[in-house]
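S.K.: Before I ask anything, let me first share the structure, which is written out below as structure tokens.
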Amino acid sequence: MKGIVFTEFLNLVEAKFGYEMVDQIITESNLPSKGIYTNIGTYEHSEIVQLVTALSKHTNIPVPDLLKIYGIHFFPILGNGYSHFLTGVKSGFELLESIEHYIHVEVIKLYPDAELPRFENRRLSPNCLEMIYHSKRKMADFAEGLMRSAFDHFGEKVEIERENLEADGSSVRFTITQI
Ligand code: HEM
């Protein structure tokens with residue numbers, strides 16, 4: 001995964017739980033990078049899994065909740081760093097529908113080694129969007145956090161229903177309804 005995923009995660013951990021916690025989870029995890037990340041570097045996906053798992057152990061916050069919180073925190077970072085992807089976009093649905101055919105397409109041009117999910121989108125009605133998430137990294141909780149933060153950005157209220165299409169979480173159907 002790209003380094004920005006790690007540096008922002010560790011910034012969030014430091015802000016919420018202090019530097020000692022950052023130090024502790026890095027020390028306890030078996031990280032090929034030794035916990036030294038740069039925004040543009042690329043690191044093994046298993047490193048973020050280990051760090052989140054260690055944080056969960058210390059905080060008693062379940063891993064899925066931590067990934068959602070992290071997604072909520074991460075969206076504004078992406079929005080600032082890549083504000084041109086948001087220019088002219090008027091709604092959360094418009095933004096989410098552009099990830100697969102535009103945003104992540106541009107991301108992979110910038111970083112050919114980025115590991116991105118695949119989304120299948122379908123409008124079930126004007127106020128209901130189905131997004132099926134596919135990724136062997138199984139980060140649907142992170143996706144949900146990003147989605148929620150995206151709707152907040154546009155001041156929109158939604159209900160998000162989830163259904164695992166694969167038991168291991170590698171395919172997840174999101175049904176998003178504007179309320
Ligand atoms: C400005 C908007 C966005 C930008 C620039 C962006 C870019 C990125 C980047 C750089 C990564 C890391 C890739 C890697 O580590 O190799 C990533 C991962 C990811 N993105 Fe986006 N993204 C954006 C919006 C979104 C939104 C709104 C969603 C919500 C559905 C989303 C879903 C994901 C997920 C779930 C991952 C984790 C990788 C995986 O599950 O396989 N992205 N994105």
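Naming works like this for the structure tokens: A, B, ... for the chains as they're shown, residue 1 at the start of each chain, ligands 1 onward in shown order.
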I'd like the neighbourhood of Arg173 (chain A) as a PyMOL selection string, where a residue qualifies if any of its atoms comes within 12 Å (using only C-alpha atoms), though same-chain residues fewer than 5 positions away should be ignored.

M.R.: chain A and resi 118-122+129-134+140-141+143-144+160-167

S.K.: Report as JSON, numbers by chain: the residues of region 83-161 of chain A with a DSSP assignment of helix (DSSP H, G or I), based on the backbone of this structure.

M.R.: {"A": [83, 84, 85, 92, 93, 94, 95, 96, 97, 98, 99, 100, 101, 102, 103, 104, 105, 106, 107, 108, 109, 110, 140, 141, 142, 143, 144, 145, 146, 147, 148, 149, 150, 151, 152, 153]}

S.K.: Can you list, as a PDB file with C-alpha atoms, in the first residue's frame, every protein, DNA or RNA residue that comes within 8 Å of His73 (chain A) when you count only C-alpha atoms, leaving out same-chain residues fewer than 3 positions away?

M.R.:
ATOM      1  CA  LEU A  12      -4.259   9.691  13.683  1.00  0.00           C
ATOM      2  CA  ILE A  69     -12.840   5.753  11.851  1.00  0.00           C
ATOM      3  CA  TYR A  70      -9.662   5.734   9.821  1.00  0.00           C
ATOM      4  CA  PRO A  76     -10.462  14.949   3.917  1.00  0.00           C
ATOM      5  CA  ILE A  77      -6.731  14.192   3.553  1.00  0.00           C
ATOM      6  CA  GLY A 145     -15.636   5.294   6.450  1.00  0.00           C
ATOM      7  CA  LEU A 146     -14.503   7.024   3.246  1.00  0.00           C
ATOM      8  CA  SER A 149     -16.992  11.171   5.152  1.00  0.00           C
TER       9      SER A 149
END

S.K.: Could you give me, as a compact mmCIF listing (two decimals) with N, CA, C and O atoms, in the first residue's frame, each residue of region 15-135 of chain A that DSSP assigns to strand (DSSP E or B) when run on this structure's backbone?

M.R.:
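The result, written out as selection-v5.txt:
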# COMPACT_ATOMS: atom_id res chain seq x y z
N THR A 42 6.06 2.46 -1.05
CA THR A 42 5.05 1.39 -1.12
C THR A 42 5.44 0.31 -0.12
O THR A 42 6.62 -0.07 -0.07
N ARG A 118 -11.94 -2.64 -6.67
CA ARG A 118 -12.79 -2.47 -7.87
C ARG A 118 -14.21 -2.30 -7.38
O ARG A 118 -14.63 -2.96 -6.42
N PHE A 119 -14.94 -1.36 -8.00
CA PHE A 119 -16.33 -1.13 -7.62
C PHE A 119 -17.24 -1.37 -8.82
O PHE A 119 -16.93 -0.94 -9.93
N GLU A 120 -18.36 -2.05 -8.57
CA GLU A 120 -19.42 -2.15 -9.57
C GLU A 120 -20.55 -1.28 -9.07
O GLU A 120 -21.08 -1.52 -7.97
N ASN A 121 -20.93 -0.28 -9.85
CA ASN A 121 -21.95 0.68 -9.41
C ASN A 121 -23.23 0.50 -10.20
O ASN A 121 -23.20 0.25 -11.39
N ARG A 122 -24.36 0.67 -9.51
CA ARG A 122 -25.66 0.58 -10.18
C ARG A 122 -26.64 1.49 -9.45
O ARG A 122 -26.77 1.38 -8.23
N ARG A 123 -27.28 2.40 -10.20
CA ARG A 123 -28.32 3.23 -9.59
C ARG A 123 -29.60 2.42 -9.53
O ARG A 123 -30.14 2.05 -10.57
N LEU A 124 -30.06 2.16 -8.32
CA LEU A 124 -31.31 1.40 -8.19
C LEU A 124 -32.51 2.33 -8.34
O LEU A 124 -33.58 1.91 -8.75
N SER A 125 -32.31 3.60 -8.00
CA SER A 125 -33.32 4.64 -8.20
C SER A 125 -32.55 5.96 -8.05
O SER A 125 -31.38 5.95 -7.67
N CYS A 128 -30.97 6.01 -4.66
CA CYS A 128 -30.39 4.76 -4.12
C CYS A 128 -29.30 4.23 -5.06
O CYS A 128 -29.53 3.98 -6.24
N LEU A 129 -28.11 4.09 -4.49
CA LEU A 129 -26.95 3.62 -5.26
C LEU A 129 -26.44 2.31 -4.67
O LEU A 129 -26.23 2.21 -3.46
N GLU A 130 -26.22 1.33 -5.54
CA GLU A 130 -25.59 0.08 -5.10
C GLU A 130 -24.13 0.12 -5.55
O GLU A 130 -23.84 0.43 -6.70
N MET A 131 -23.23 -0.17 -4.60
CA MET A 131 -21.80 -0.25 -4.95
C MET A 131 -21.30 -1.59 -4.43
O MET A 131 -21.39 -1.86 -3.23
N ILE A 132 -20.77 -2.38 -5.34
CA ILE A 132 -20.19 -3.65 -4.88
C ILE A 132 -18.67 -3.50 -4.87
O ILE A 132 -18.06 -3.15 -5.89
N TYR A 133 -18.13 -3.71 -3.69
CA TYR A 133 -16.69 -3.56 -3.44
C TYR A 133 -16.01 -4.91 -3.65
O TYR A 133 -16.47 -5.92 -3.12
N HIS A 134 -14.93 -4.90 -4.41
CA HIS A 134 -14.14 -6.12 -4.58
C HIS A 134 -12.67 -5.81 -4.29
O HIS A 134 -12.10 -4.91 -4.95

S.K.: For CA of Leu78 (chain A) and atom 6 (C, counted along the ligand's line) of ligand 1, determine how far apart the two atoms are, in Å to one decimal place.

M.R.: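 Value for the CA of Leu78 (chain A)-atom 6 (C, counted along the ligand's line) of ligand 1 distance: 6.1 Å.
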
S.K.: Quick one, how far is atom 31 (C, counted along the ligand's line) of ligand 1 from CA of Leu55 (chain A)?

M.R.: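 Calculated distance between atom 31 (C, counted along the ligand's line) of ligand 1 and CA of Leu55 (chain A) is 22.4 Å.
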
S.K.: Extract, using only C-alpha atoms, all DNA, RNA and protein residues at most 10 Å from Phe151 (chain A), discarding same-chain residues fewer than 2 positions from it, and format them as a PyMOL selection string.

M.R.: chain A and resi 91-93+95-96+146-149+153-158+178

S.K.: From the set A:Thr38, A:Ser98, A:Asn127, A:Thr87, which residue has the shortest atom-to-atom contact distance to Thr177 (chain A), counting only C-alpha atoms?

M.R.: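 Checking each of A:Thr38, A:Ser98, A:Asn127, A:Thr87 against Thr177 (chain A), counting only C-alpha atoms, the winner is A:Asn127.
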
S.K.: With distances taken over only C-alpha atoms and all ligand atoms, which of A:Asp152, A:Asp113, A:Asp168, A:Glu94 is nearest to ligand 1?

M.R.: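 Of the candidates, the smallest distance to ligand 1 is held by A:Asp113.
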
S.K.: In Å, how far is it from CA of Ile108 (chain A) to CA of His45 (chain A)?

M.R.: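 A separation of 16.5 Å between them.
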
S.K.: Just want the 7 Å neighbourhood of region 60-67 of chain A, counted on only C-alpha atoms, with same-chain residues fewer than 6 positions away dropped. Output as a count of residues only.

M.R.: 4

S.K.: List as number ranges by chain the protein and nucleic acid residues near His104 (chain A), meaning an atom at most 9 Å away when only C-alpha atoms are counted, but skip any in the same chain fewer than 5 places from it.

M.R.: A: 98-99, 109, 116-117

S.K.: Would you save the residues from that selection as a PDB file, in the first residue's frame, using all heavy atoms?

M.R.:
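Here's the written file out-v2.pdb:
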ATOM      1  N   SER A  98     -17.692   8.210  -9.542  1.00  0.00           N
ATOM      2  CA  SER A  98     -16.518   8.550 -10.366  1.00  0.00           C
ATOM      3  C   SER A  98     -15.249   7.819  -9.925  1.00  0.00           C
ATOM      4  O   SER A  98     -14.234   7.877 -10.612  1.00  0.00           O
ATOM      5  CB  SER A  98     -16.283  10.067 -10.350  1.00  0.00           C
ATOM      6  OG  SER A  98     -15.751  10.458  -9.098  1.00  0.00           O
ATOM      7  N   ILE A  99     -15.306   7.131  -8.784  1.00  0.00           N
ATOM      8  CA  ILE A  99     -14.074   6.489  -8.283  1.00  0.00           C
ATOM      9  C   ILE A  99     -13.561   5.470  -9.296  1.00  0.00           C
ATOM     10  O   ILE A  99     -12.395   5.503  -9.702  1.00  0.00           O
ATOM     11  CB  ILE A  99     -14.322   5.767  -6.941  1.00  0.00           C
ATOM     12  CG1 ILE A  99     -14.731   6.752  -5.864  1.00  0.00           C
ATOM     13  CG2 ILE A  99     -13.053   5.033  -6.492  1.00  0.00           C
ATOM     14  CD1 ILE A  99     -15.194   6.066  -4.591  1.00  0.00           C
ATOM     15  N   LYS A 109      -2.445   5.848 -12.648  1.00  0.00           N
ATOM     16  CA  LYS A 109      -1.491   6.468 -13.591  1.00  0.00           C
ATOM     17  C   LYS A 109      -0.356   7.138 -12.822  1.00  0.00           C
ATOM     18  O   LYS A 109       0.802   7.090 -13.212  1.00  0.00           O
ATOM     19  CB  LYS A 109      -2.199   7.522 -14.448  1.00  0.00           C
ATOM     20  CG  LYS A 109      -3.068   6.938 -15.540  1.00  0.00           C
ATOM     21  CD  LYS A 109      -3.609   8.076 -16.400  1.00  0.00           C
ATOM     22  CE  LYS A 109      -4.851   7.640 -17.144  1.00  0.00           C
ATOM     23  NZ  LYS A 109      -5.645   8.786 -17.604  1.00  0.00           N
ATOM     24  N   LEU A 116      -5.623  -0.965  -5.565  1.00  0.00           N
ATOM     25  CA  LEU A 116      -6.936  -0.331  -5.428  1.00  0.00           C
ATOM     26  C   LEU A 116      -8.045  -1.364  -5.512  1.00  0.00           C
ATOM     27  O   LEU A 116      -7.890  -2.401  -6.157  1.00  0.00           O
ATOM     28  CB  LEU A 116      -7.104   0.711  -6.540  1.00  0.00           C
ATOM     29  CG  LEU A 116      -6.086   1.855  -6.448  1.00  0.00           C
ATOM     30  CD1 LEU A 116      -6.056   2.653  -7.740  1.00  0.00           C
ATOM     31  CD2 LEU A 116      -6.401   2.760  -5.275  1.00  0.00           C
ATOM     32  N   PRO A 117      -9.184  -1.051  -4.887  1.00  0.00           N
ATOM     33  CA  PRO A 117     -10.329  -1.957  -4.991  1.00  0.00           C
ATOM     34  C   PRO A 117     -11.015  -1.756  -6.342  1.00  0.00           C
ATOM     35  O   PRO A 117     -10.711  -0.799  -7.060  1.00  0.00           O
ATOM     36  CB  PRO A 117     -11.244  -1.482  -3.866  1.00  0.00           C
ATOM     37  CG  PRO A 117     -10.918  -0.040  -3.708  1.00  0.00           C
ATOM     38  CD  PRO A 117      -9.478   0.129  -4.063  1.00  0.00           C
TER      39      PRO A 117
END

S.K.: With a distance cut-off of 8 Å and only C-alpha atoms, select the neighbouring residues of region 1-4 of chain A, excluding the residue or stretch itself and same-chain residues fewer than 6 positions from it, and output the selection as a ChimeraX atom specification.

M.R.: /A:37-45,114-115

S.K.: Could you save the residues just selected, with C-alpha atoms, as a PDB file, in the first residue's frame?

M.R.:
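Final output, out.pdb:
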ATOM      1  CA  TYR A  37       7.213   5.250   6.024  1.00  0.00           C
ATOM      2  CA  THR A  38       7.343   7.990   3.415  1.00  0.00           C
ATOM      3  CA  ASN A  39       4.183   9.197   1.667  1.00  0.00           C
ATOM      4  CA  ILE A  40       5.281   8.041  -1.771  1.00  0.00           C
ATOM      5  CA  GLY A  41       6.863   4.722  -0.751  1.00  0.00           C
ATOM      6  CA  THR A  42       5.053   1.394  -1.122  1.00  0.00           C
ATOM      7  CA  TYR A  43       4.743  -1.116   1.723  1.00  0.00           C
ATOM      8  CA  GLU A  44       3.161  -4.483   2.289  1.00  0.00           C
ATOM      9  CA  HIS A  45      -0.559  -4.481   2.948  1.00  0.00           C
ATOM     10  CA  ALA A 114      -1.101   1.364  -6.051  1.00  0.00           C
ATOM     11  CA  GLU A 115      -3.366  -1.437  -4.877  1.00  0.00           C
TER      12      GLU A 115
END

S.K.: Closest to Ser46 (chain A) among A:Val13, A:Ile179, A:Lys136, A:Tyr111, using only C-alpha atoms?

M.R.: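 Among the listed residues, the smallest separation from Ser46 (chain A) belongs to A:Lys136.
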
S.K.: Could you check which of A:Asn30, A:Asn80, A:Gln50, A:Thr175 is closest to ligand 1, using only C-alpha atoms and all ligand atoms?

M.R.: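 Distance minimum relative to ligand 1 lands on A:Asn80.
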